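Here is entry.tsv, consisting of TSV, C-alpha atoms and all ligand atoms:
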chain	number	residue	atom	x	y	z
B	1	MET	CA	104.40	57.26	43.72
B	2	ILE	CA	103.69	53.75	42.50
B	3	GLN	CA	106.70	52.65	40.47
B	4	ASP	CA	107.54	49.21	39.08
B	5	THR	CA	110.99	47.65	38.65
B	6	HIS	CA	111.08	48.85	35.01
B	7	GLY	CA	110.87	52.51	36.04
B	8	ARG	CA	107.22	53.03	35.08
B	9	GLN	CA	105.12	55.35	37.26
B	10	HIS	CA	101.49	54.29	37.71
B	11	THR	CA	99.05	57.19	37.71
B	12	TYR	CA	95.99	55.70	36.01
B	13	LEU	CA	93.56	53.42	37.86
B	14	ARG	CA	90.81	51.47	36.12
B	15	ILE	CA	88.12	50.35	38.53
B	16	SER	CA	85.66	47.64	37.56
B	17	LEU	CA	82.29	48.26	39.24
B	18	THR	CA	80.80	44.87	38.40
B	19	ASP	CA	81.33	41.73	36.34
B	20	ASN	CA	77.63	41.86	35.44
B	21	CYS	CA	76.44	43.04	32.05
B	22	ASN	CA	73.24	43.38	30.06
B	23	LEU	CA	75.00	42.34	26.84
B	24	ARG	CA	76.75	39.06	26.09
B	25	CYS	CA	79.62	39.92	23.71
B	26	PHE	CA	81.14	36.52	23.00
B	27	TYR	CA	84.74	37.79	22.91
B	28	CYS	CA	84.38	39.20	26.42
B	29	MET	CA	82.22	36.72	28.35
B	30	PRO	CA	83.13	33.07	28.74
B	31	GLU	CA	81.02	30.74	26.69
B	32	GLU	CA	79.92	28.46	29.50
B	33	GLU	CA	77.09	29.49	31.85
B	34	TYR	CA	78.58	32.38	33.75
B	35	GLU	CA	77.72	33.23	37.35
B	36	PHE	CA	78.06	36.88	38.27
B	37	THR	CA	79.82	37.70	41.53
B	38	PRO	CA	77.33	38.10	44.42
B	39	THR	CA	76.92	41.68	45.67
B	40	SER	CA	78.47	40.96	49.09
B	41	LYS	CA	81.74	40.02	47.39
B	42	LEU	CA	81.83	43.21	45.30
B	43	MET	CA	83.45	46.39	46.56
B	44	GLN	CA	80.74	48.57	48.09
B	45	ALA	CA	80.48	52.27	47.21
B	46	ASP	CA	82.27	53.43	50.38
B	47	GLU	CA	85.00	50.81	49.87
B	48	ILE	CA	85.54	51.94	46.27
B	49	GLU	CA	85.82	55.51	47.50
B	50	GLU	CA	88.25	54.55	50.27
B	51	LEU	CA	90.48	52.51	47.96
B	52	ALA	CA	90.38	55.25	45.31
B	53	LYS	CA	91.52	57.79	47.93
B	54	ILE	CA	94.46	55.55	48.87
B	55	PHE	CA	95.49	55.35	45.21
B	56	VAL	CA	95.13	59.12	44.79
B	57	GLY	CA	97.39	59.54	47.82
B	58	LEU	CA	99.97	57.46	45.94
B	59	GLY	CA	99.88	59.66	42.84
B	60	VAL	CA	96.93	58.39	40.77
B	61	ASN	CA	95.45	61.30	38.80
B	62	LYS	CA	93.10	59.51	36.41
B	63	ILE	CA	90.34	56.98	37.15
B	64	ARG	CA	88.28	55.07	34.61
B	65	LEU	CA	85.15	53.18	35.68
B	66	THR	CA	84.51	50.03	33.72
B	67	GLY	CA	83.23	46.48	34.11
B	68	GLY	CA	81.27	44.39	33.06
B	69	GLU	CA	78.86	47.16	32.32
B	70	PRO	CA	79.41	49.82	35.02
B	71	LEU	CA	75.99	51.42	34.47
B	72	VAL	CA	74.00	48.27	35.35
B	73	ARG	CA	75.10	48.71	38.95
B	74	LYS	CA	72.27	50.25	40.99
B	75	ASP	CA	74.57	52.63	42.86
B	76	ALA	CA	76.65	53.61	39.81
B	77	GLY	CA	75.40	57.22	40.06
B	78	ASP	CA	76.40	57.43	43.73
B	79	ILE	CA	79.87	56.01	42.98
B	80	ILE	CA	80.38	58.45	40.09
B	81	MET	CA	79.44	61.39	42.34
B	82	ARG	CA	81.73	60.22	45.17
B	83	LEU	CA	84.74	59.81	42.84
B	84	SER	CA	84.05	63.13	41.10
B	85	LYS	CA	85.04	64.87	44.35
B	86	LEU	CA	88.59	63.48	44.10
B	87	PRO	CA	91.38	65.40	42.31
B	88	VAL	CA	91.37	63.07	39.29
B	89	LYS	CA	90.22	63.04	35.69
B	90	LEU	CA	87.20	60.73	35.90
B	91	THR	CA	86.15	58.73	32.83
B	92	LEU	CA	83.97	55.75	31.98
B	93	THR	CA	83.79	52.87	29.51
B	94	THR	CA	80.26	51.71	28.70
B	95	ASN	CA	78.18	49.84	26.16
B	96	ALA	CA	75.89	52.94	26.19
B	97	THR	CA	72.63	51.02	26.66
B	98	ARG	CA	71.86	52.89	29.92
B	99	VAL	CA	73.50	56.22	29.12
B	100	HIS	CA	70.15	58.04	28.77
B	101	ASP	CA	69.55	57.54	32.52
B	102	PHE	CA	72.93	59.00	33.45
B	103	ILE	CA	73.45	62.11	31.31
B	104	GLU	CA	72.59	64.47	34.18
B	105	ILE	CA	74.90	62.65	36.57
B	106	PHE	CA	77.74	62.83	34.03
B	107	GLU	CA	77.18	66.57	33.76
B	108	LYS	CA	77.04	67.05	37.53
B	109	ALA	CA	80.19	64.95	37.97
B	110	ASP	CA	81.99	66.83	35.18
B	111	LEU	CA	82.55	63.47	33.49
B	112	THR	CA	83.03	64.81	29.97
B	113	SER	CA	84.80	61.98	28.14
B	114	LEU	CA	83.44	58.46	27.60
B	115	ASN	CA	84.50	55.35	25.72
B	116	VAL	CA	81.58	53.53	24.14
B	117	SER	CA	81.76	50.02	22.68
B	118	LEU	CA	80.17	49.42	19.31
B	119	ASP	CA	81.51	46.66	17.07
B	120	THR	CA	79.20	47.00	14.11
B	121	LEU	CA	76.86	49.41	12.35
B	122	ASP	CA	74.67	46.52	11.22
B	123	LYS	CA	71.73	45.60	13.44
B	124	ASP	CA	71.75	41.85	12.75
B	125	ARG	CA	75.47	41.61	13.33
B	126	PHE	CA	75.07	43.57	16.58
B	127	ILE	CA	72.51	41.04	17.80
B	128	PHE	CA	74.76	38.17	16.74
B	129	MET	CA	77.81	39.61	18.53
B	130	THR	CA	76.12	40.84	21.72
B	131	ARG	CA	73.29	38.27	21.84
B	132	ARG	CA	70.95	41.12	22.80
B	133	ASP	CA	68.62	43.41	20.78
B	134	GLN	CA	69.96	46.80	21.87
B	135	PHE	CA	71.29	48.23	18.60
B	136	GLU	CA	68.95	51.23	18.25
B	137	ARG	CA	69.21	52.09	21.93
B	138	THR	CA	73.01	52.05	21.72
B	139	LEU	CA	73.13	54.26	18.62
B	140	ASP	CA	70.53	56.67	20.04
B	141	ASN	CA	72.56	57.04	23.21
B	142	ILE	CA	75.80	57.60	21.30
B	143	ASN	CA	74.03	60.42	19.45
B	144	LEU	CA	72.73	61.76	22.77
B	145	LEU	CA	76.31	61.98	24.02
B	146	ILE	CA	77.55	63.66	20.85
B	147	GLU	CA	74.71	66.19	20.91
B	148	GLY	CA	75.43	66.81	24.60
B	149	GLY	CA	78.98	67.84	23.71
B	150	PHE	CA	80.70	64.87	25.35
B	151	HIS	CA	84.07	63.66	24.04
B	152	VAL	CA	83.09	60.26	22.62
B	153	LYS	CA	85.49	57.48	21.72
B	154	ILE	CA	83.99	54.44	20.01
B	155	ASN	CA	85.70	51.10	20.72
B	156	MET	CA	85.35	48.50	17.97
B	157	VAL	CA	86.94	45.06	18.42
B	158	VAL	CA	87.89	44.05	14.88
B	159	MET	CA	87.66	40.37	13.98
B	160	LYS	CA	88.55	38.78	10.67
B	161	GLY	CA	85.59	37.59	8.66
B	162	LEU	CA	83.13	38.96	11.20
B	163	ASN	CA	83.15	42.76	11.18
B	164	ASP	CA	86.41	43.74	9.46
B	165	ALA	CA	84.51	44.62	6.27
B	166	GLU	CA	83.06	47.56	8.24
B	167	LEU	CA	86.38	49.33	8.85
B	168	LEU	CA	85.73	51.77	6.01
B	169	ASP	CA	82.19	52.50	7.26
B	170	PHE	CA	83.51	53.39	10.70
B	171	VAL	CA	86.13	55.73	9.21
B	172	ALA	CA	83.41	57.28	7.01
B	173	TRP	CA	81.41	57.90	10.21
B	174	THR	CA	84.18	60.26	11.41
B	175	LYS	CA	83.69	62.56	8.39
B	176	ASP	CA	81.01	64.83	9.82
B	177	GLN	CA	80.92	63.72	13.46
B	178	PRO	CA	83.38	64.74	16.21
B	179	ILE	CA	83.88	61.10	17.24
B	180	HIS	CA	87.08	59.16	17.79
B	181	VAL	CA	86.86	55.57	16.61
B	182	ARG	CA	89.35	53.12	18.08
B	183	PHE	CA	89.88	49.82	16.31
B	184	ILE	CA	90.99	47.21	18.84
B	185	GLU	CA	92.95	44.09	17.89
B	186	PHE	CA	91.11	41.02	19.20
B	187	MET	CA	92.82	39.78	22.41
B	188	PRO	CA	92.88	36.30	23.99
B	189	PHE	CA	91.11	35.71	27.32
B	190	GLU	CA	89.83	32.59	29.00
B	191	GLY	CA	86.89	31.05	27.13
B	192	ASN	CA	86.71	33.60	24.28
B	193	ARG	CA	87.56	31.38	21.30
B	194	TRP	CA	90.59	33.48	20.32
B	195	THR	CA	92.73	32.23	17.47
B	196	SER	CA	95.52	34.13	15.75
B	197	ASN	CA	93.79	34.02	12.37
B	198	LYS	CA	90.89	36.09	13.74
B	199	VAL	CA	93.19	39.02	14.56
B	200	VAL	CA	93.28	41.92	12.11
B	201	THR	CA	96.60	43.66	12.73
B	202	LEU	CA	97.39	47.37	12.78
B	203	GLN	CA	99.11	47.12	9.40
B	204	GLU	CA	96.22	45.19	7.84
B	205	MET	CA	93.75	47.76	9.13
B	206	LEU	CA	95.78	50.67	7.75
B	207	ASP	CA	96.17	48.92	4.38
B	208	THR	CA	92.39	48.50	4.14
B	209	ILE	CA	91.61	52.04	5.26
B	210	GLN	CA	94.09	53.51	2.78
B	211	THR	CA	92.31	51.85	-0.14
B	212	LYS	CA	89.66	54.54	0.29
B	213	PHE	CA	90.99	57.31	2.52
B	214	GLU	CA	94.09	59.46	2.52
B	215	ILE	CA	95.23	59.55	6.15
B	216	GLU	CA	97.63	61.47	8.37
B	217	SER	CA	99.28	60.34	11.63
B	218	LEU	CA	98.46	62.34	14.74
B	219	TYR	CA	100.42	62.94	17.94
B	220	ASN	CA	100.53	60.08	20.46
B	221	GLY	CA	101.29	60.77	24.13
B	222	ILE	CA	103.82	58.59	25.97
B	223	HIS	CA	101.11	56.71	27.91
B	224	ASP	CA	98.68	56.36	25.00
B	225	THR	CA	97.63	52.85	24.03
B	226	ASP	CA	96.25	53.91	20.66
B	227	LYS	CA	98.04	54.99	17.50
B	228	LYS	CA	96.06	57.94	16.18
B	229	PHE	CA	95.17	58.98	12.65
B	230	ARG	CA	92.79	61.23	10.78
B	231	ALA	CA	91.33	60.76	7.33
B	232	ILE	CA	92.15	64.03	5.59
B	233	GLY	CA	89.26	66.50	5.87
B	234	HIS	CA	87.38	64.50	8.52
B	235	MET	CA	86.03	66.12	11.66
B	236	GLY	CA	86.67	63.06	13.85
B	237	THR	CA	89.69	60.76	14.12
B	238	PHE	CA	90.44	57.06	14.25
B	239	ALA	CA	93.08	55.03	16.07
B	240	VAL	CA	94.29	51.46	16.43
B	241	ILE	CA	94.92	49.70	19.74
B	242	SER	CA	97.52	47.21	18.58
B	243	THR	CA	97.99	45.13	21.73
B	244	MET	CA	98.72	41.98	19.76
B	245	SER	CA	100.90	43.11	16.86
B	246	SER	CA	102.61	46.17	18.31
B	247	PRO	CA	102.16	46.45	22.09
B	248	PHE	CA	102.64	49.67	24.04
B	249	CYS	CA	103.86	48.25	27.36
B	250	GLU	CA	106.87	50.57	27.59
B	251	GLY	CA	104.73	53.58	28.48
B	252	CYS	CA	102.20	51.68	30.60
B	253	ASN	CA	100.91	53.65	33.61
B	254	ARG	CA	97.82	51.52	34.35
B	255	ILE	CA	96.63	49.62	37.36
B	256	ARG	CA	93.42	47.61	37.41
B	257	LEU	CA	91.11	46.97	40.32
B	258	THR	CA	88.61	44.17	39.73
B	259	ALA	CA	85.04	44.42	40.97
B	260	ASP	CA	85.87	42.00	43.80
B	261	GLY	CA	88.70	44.25	44.93
B	262	LYS	CA	91.78	42.55	43.49
B	263	ILE	CA	94.58	44.63	42.04
B	264	LYS	CA	96.05	43.50	38.70
B	265	ASN	CA	99.20	45.15	37.38
B	266	CYS	CA	98.47	44.20	33.76
B	267	LEU	CA	95.51	43.04	31.68
B	268	PHE	CA	97.46	39.81	31.14
B	269	SER	CA	98.98	39.39	34.60
B	270	LYS	CA	98.46	36.06	36.34
B	271	GLN	CA	99.01	37.38	39.85
B	272	GLU	CA	96.39	39.39	41.74
B	273	THR	CA	96.43	40.90	45.22
B	274	ASP	CA	93.28	41.05	47.32
B	275	LEU	CA	92.93	44.65	48.51
B	276	LEU	CA	89.27	44.38	49.50
B	277	THR	CA	89.80	41.69	52.14
B	278	ALA	CA	92.81	43.61	53.47
B	279	LEU	CA	90.73	46.79	53.66
B	280	ARG	CA	87.89	44.99	55.44
B	281	GLN	CA	90.36	43.51	57.95
B	282	GLY	CA	92.08	46.82	58.58
B	283	GLU	CA	95.39	45.67	57.08
B	284	ASP	CA	97.99	47.82	55.32
B	285	VAL	CA	96.68	48.25	51.77
B	286	VAL	CA	99.51	50.56	50.62
B	287	SER	CA	102.25	47.95	51.04
B	288	LEU	CA	100.11	45.40	49.16
B	289	ILE	CA	99.76	47.84	46.25
B	290	HIS	CA	103.52	48.45	46.09
B	291	HIS	CA	104.21	44.73	46.30
B	292	ASN	CA	101.81	43.89	43.48
B	293	ILE	CA	103.25	46.58	41.19
B	294	SER	CA	106.80	45.42	41.97
B	295	LEU	CA	105.85	42.09	40.35
B	296	LYS	CA	104.79	43.72	37.07
B	297	ALA	CA	106.35	42.06	34.02
B	298	LYS	CA	108.08	44.15	31.38
B	299	ALA	CA	105.45	43.34	28.76
B	300	LEU	CA	102.14	41.52	28.23
B	301	GLY	CA	101.98	40.13	31.75
B	302	GLY	CA	105.04	38.02	30.95
B	303	GLN	CA	102.68	35.53	29.34
B	304	PHE	CA	103.41	35.84	25.62
B	305	GLU	CA	105.39	37.69	22.97
B	306	ALA	CA	104.05	40.01	20.31
B	307	ASN	CA	104.28	37.31	17.66
B	308	ILE	CA	100.67	36.46	17.04
B	309	ASN	CA	101.31	33.19	15.25
B	310	GLN	CA	103.17	31.75	18.24
B	311	ILE	CA	100.45	32.46	20.77
B	312	HIS	CA	98.31	29.57	21.97
B	313	SER	CA	95.38	30.96	23.93
B	314	GLU	CA	95.09	27.76	25.99
B	315	ASP	CA	98.54	28.53	27.48
B	316	ILE	CA	97.43	31.94	28.74
B	317	HIS	CA	96.15	31.92	32.31
B	318	ASN	CA	93.89	34.80	33.08
B	319	ARG	CA	90.36	35.76	33.97
B	320	SER	CA	87.93	36.49	31.16
B	321	MET	CA	87.79	40.17	30.14
B	322	ILE	CA	84.40	40.73	31.78
B	323	THR	CA	85.80	39.73	35.19
B	324	ILE	CA	88.94	41.86	34.83
B	325	GLY	CA	87.42	45.11	33.66
B	326	GLY	CA	88.44	46.25	30.20
X	401	LIG	N1	80.78	47.11	29.16
X	401	LIG	C1	81.66	48.18	28.81
X	401	LIG	C2	81.91	48.21	27.33
X	401	LIG	O1	81.59	47.25	26.65
X	401	LIG	O2	82.44	49.20	26.86
X	401	LIG	C3	82.96	48.17	29.57
X	401	LIG	C4	83.68	46.88	29.77
X	401	LIG	S1	84.33	46.11	28.32
X	401	LIG	C5	85.07	44.67	29.01
X	401	LIG	C6	85.68	47.18	27.93
X	401	LIG	C7	86.25	47.06	26.56
X	401	LIG	O3	86.92	45.82	26.43
X	401	LIG	C8	85.24	47.13	25.45
X	401	LIG	O4	85.57	48.16	24.55
X	401	LIG	C9	85.36	45.79	24.79
X	401	LIG	O5	85.12	45.86	23.42
X	401	LIG	C10	86.79	45.42	25.09
X	401	LIG	N2	87.05	43.98	24.98
X	401	LIG	C11	86.43	42.98	25.63
X	401	LIG	N3	86.93	41.77	25.26
X	401	LIG	C12	87.92	42.03	24.37
X	401	LIG	C13	88.81	41.20	23.63
X	401	LIG	N4	88.79	39.89	23.73
X	401	LIG	N5	89.69	41.81	22.79
X	401	LIG	C14	89.71	43.16	22.67
X	401	LIG	N6	88.90	43.99	23.35
X	401	LIG	C15	88.00	43.43	24.19
X	402	LIG	FE1	79.33	43.56	28.38
X	402	LIG	FE2	81.18	45.33	27.59
X	402	LIG	FE3	81.78	42.73	27.79
X	402	LIG	FE4	80.12	43.46	25.87
X	402	LIG	S1	82.28	44.09	26.08
X	402	LIG	S2	79.82	41.70	27.29
X	402	LIG	S3	79.08	45.14	26.81
X	402	LIG	S4	81.25	44.06	29.44

Show the structure stored in the file as C-alpha cells.
Ligand code: SAM
Ligand code: SF4
Amino acid sequence: MIQDTHGRQHTYLRISLTDNCNLRCFYCMPEEEYEFTPTSKLMQADEIEELAKIFVGLGVNKIRLTGGEPLVRKDAGDIIMRLSKLPVKLTLTTNATRVHDFIEIFEKADLTSLNVSLDTLDKDRFIFMTRRDQFERTLDNINLLIEGGFHVKINMVVMKGLNDAELLDFVAWTKDQPIHVRFIEFMPFEGNRWTSNKVVTLQEMLDTIQTKFEIESLYNGIHDTDKKFRAIGHMGTFAVISTMSSPFCEGCNRIRLTADGKIKNCLFSKQETDLLTALRQGEDVVSLIHHNISLKAKALGGQFEANINQIHSEDIHNRSMITIGG
C-alpha cells in the first residue's frame, strides 16, 4: 500500500504519455515558445509498463492516461494495449481530435470510460481558446464515442467573461444525451495568466444553473473530485470540480507520473522524484515512491489556501499543466 502521513491510501495513478499536444489551450500551455520534451527523455512503452506494474504491486487499481494529448503519441495504441492487461480500471483523458483512429483499440482494451475536454460549443470561441481549427472534428468524435456506448465525461474549464455564459447550454446538452459534463474551476499554473477574478466558483456556477434548471444533488464517492448534480428529467448529469473554492484533498488517492518519469504527489506539489532515471539505472524505485508520497502535503501541495482572493499565481512554483499531466 502507498500511504501518506495523513492516512490517505493511494490507489489511482495518472500517467502522462507526452507533454506534446495538437491544440494550444492557453490556460494549459505556457505562453512563451514551448519546447516539447525530446522522445529519448520520455518514458518508453516498456518503461511505462514496468513502472505501472510496480505501482499495481503497491495497490494501484486505477490508471488514467493523460498528457499533453496522449493520443498524439505514435505508440499510444501499444501502450493502451499493454496496460489493459494489468488488473486495473484503465481510463483516458483526451481532447478527442484523434479519437476516430482509436475506437477499435479502446474496444479491444476494454477502455469504456473517457474524459474529453471541450470548453465551448461555439466554433469561433473554440479556435480562440485552443488556437487550432478542430471544433467539428472534436464534436464529431464526441458523438462517435456516445454512439459507441462509451461512458463520456466532458471537461469544461469555466472562465469568467470568456465561456461562463455557456454554462446553461452545457447543462441543456445533458437533457437527451447520456453525457456527464464537469465544470472545472480555472486553476493557476506557471505561465497561464491566472487571476482570481477569472475563476467562476462552485456556488456561482450553481446560482447560474438554477436560474433555468431545477437540480438535484447526486451521490459523491469518498475519492471523487467532482460534486455531482442532475437537472431534473435530464438523461445526463453535470458536476463541478471545485479545486479553488472547495478543494477535495481529504479523500485524495492520486499519484501523478509525468511523461519524463517524475512522480508528483499532488497537482500543486513542488517536489518531484525521478523514477525513470532510477529505473534505467536499476535502482530501487519502490522506496523512492514511498518517500515521495511521505512528503505529500495535507492540501493543495502546501502552496496555497482555498481563499481565492489571497492567491498570487506568481508565488506558486509548479510546472505548467501540460507538463504535469492533467
Ligand atoms: N489533452 C487532454 C485534454 O485536454 O483532455 C489531456 C490533458 S489536459 C492537461 C487534462 C485536463 O486538464 C483537461 O480537461 C484540461 O481542460 C484541464 N486543464 C488544463 N489546464 C487547466 C487549468 N489551468 N485549470 C483547470 N483545468 C485545466
Ligand atoms: Fe492540449 Fe489538453 Fe492542454 Fe488543451 S488542455 S493544450 S488539449 S493538453

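Each of B:Thr39, B:Gln134, B:Thr277, B:Ser113 was checked against ligand LIG 402 (chain X) using all atoms listed in the file; the smallest atom-to-atom distance is that of B:Gln134.
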
Contacts to ligand LIG 401 (chain X) at 6 Å cut-off (all atoms listed in the file) as a ChimeraX atom specification: /B:27-28,66-69,93-95,116-117,155,157,184-189,321-322,325-326

Coordinates-based distance that separates atom CA of B:Leu51 from atom CA of B:Arg254 (Å, one decimal):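 So the two atoms, atom CA of B:Arg254 and atom CA of B:Leu51, lie 15.5 Å apart.
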
Residue with smallest distance to B:Ala231 - pool B:Val286, B:Val181, B:Ala76, B:Leu23, counting all atoms listed in the file: B:Val181

Separation of atom CA of B:Lys270 from atom CA of B:Arg131, in Å and rounded to one decimal: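 Taking atom CA of B:Lys270 and atom CA of B:Arg131, their separation equals 29.1 Å.
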
Spatial neighbours of B:Gly149, max dist 12 Å, all atoms listed in the file, sep filter under 6 positions, as number ranges by chain: B: 103, 106-107, 110-114, 142-143, 177-179

Surrounding residues of B:Asp260 excluding itself and chain neighbours under 6 positions, 9 Å, all atoms listed in the file, as a PyMOL selection string: chain B and resi 16-19+37+41-43+274-276+323

Using C-alpha atoms, can you write the selected residues to a file as a short mmCIF file (atom, residue, chain, number, x, y, z; two decimals), in the coordinates of the input?
data_model
loop_
_atom_site.label_atom_id
_atom_site.label_comp_id
_atom_site.auth_asym_id
_atom_site.auth_seq_id
_atom_site.Cartn_x
_atom_site.Cartn_y
_atom_site.Cartn_z
CA SER B 16 85.66 47.64 37.56
CA LEU B 17 82.29 48.26 39.24
CA THR B 18 80.80 44.87 38.40
CA ASP B 19 81.33 41.73 36.34
CA THR B 37 79.82 37.70 41.53
CA LYS B 41 81.74 40.02 47.39
CA LEU B 42 81.83 43.21 45.30
CA MET B 43 83.45 46.39 46.56
CA ASP B 274 93.28 41.05 47.32
CA LEU B 275 92.93 44.65 48.51
CA LEU B 276 89.27 44.38 49.50
CA THR B 323 85.80 39.73 35.19
#

Residue among B:Leu83, B:Leu92, B:Leu58, B:Ala297 lying closest to ligand LIG 402 (chain X), counting only C-alpha atoms and all ligand atoms: B:Leu92

Axis-aligned box for stretch 267-286 of chain B, 6 Å per side, centre and edges in Å as JSON:
{"center_x": 93.7, "center_y": 43.3, "center_z": 44.9, "size_x": 23.6, "size_y": 26.5, "size_z": 39.4}

Two-atom distance - atom CA of B:Phe36, atom CA of B:Thr11 (Å):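 Between atom CA of B:Phe36 and atom CA of B:Thr11 the gap works out to 29.2 Å.
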
Spatial neighbours of stretch 190-195 of chain B, 12 Å, all atoms listed in the file, chain gap at least 2 places, as a ChimeraX atom specification: /B:24-34,159-160,185-188,197-200,244,268,270,308-324

Residue nearest ligand LIG 402 (chain X) among B:Lys264, B:Lys108, B:Arg132, B:His6 (counting all atoms listed in the file): B:Arg132

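You can rank B:Ile255, B:Leu288, B:Met156, B:Ile80 by their closest distance to ligand LIG 402 (chain X) using only C-alpha atoms and all ligand atoms, and at the top of that list sits B:Met156.
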
Which residues come within 7 Å of B:Val240, counting all atoms listed in the file, excluding same-chain residues fewer than 5 positions away, as a tab-separated table (two decimals) with C-alpha atoms, in the frame of the given file?
chain	number	residue	atom	x	y	z
B	182	ARG	CA	89.35	53.12	18.08
B	183	PHE	CA	89.88	49.82	16.31
B	184	ILE	CA	90.99	47.21	18.84
B	202	LEU	CA	97.39	47.37	12.78
B	226	ASP	CA	96.25	53.91	20.66
B	227	LYS	CA	98.04	54.99	17.50
B	228	LYS	CA	96.06	57.94	16.18

Near-B:Leu218 list (10 Å; all atoms listed in the file; drop same-chain fewer than 5 positions) as a list of chain:residue names: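 Counting only the stated atoms, we get B:Lys227, B:Lys228, B:Phe229, B:Arg230, B:Thr237, B:Phe238, B:Ala239.
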
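Closest to ligand LIG 402 (chain X) among B:Gly57, B:Gly233, B:Gly7, B:Pro70 is B:Pro70, based on all atoms listed in the file.
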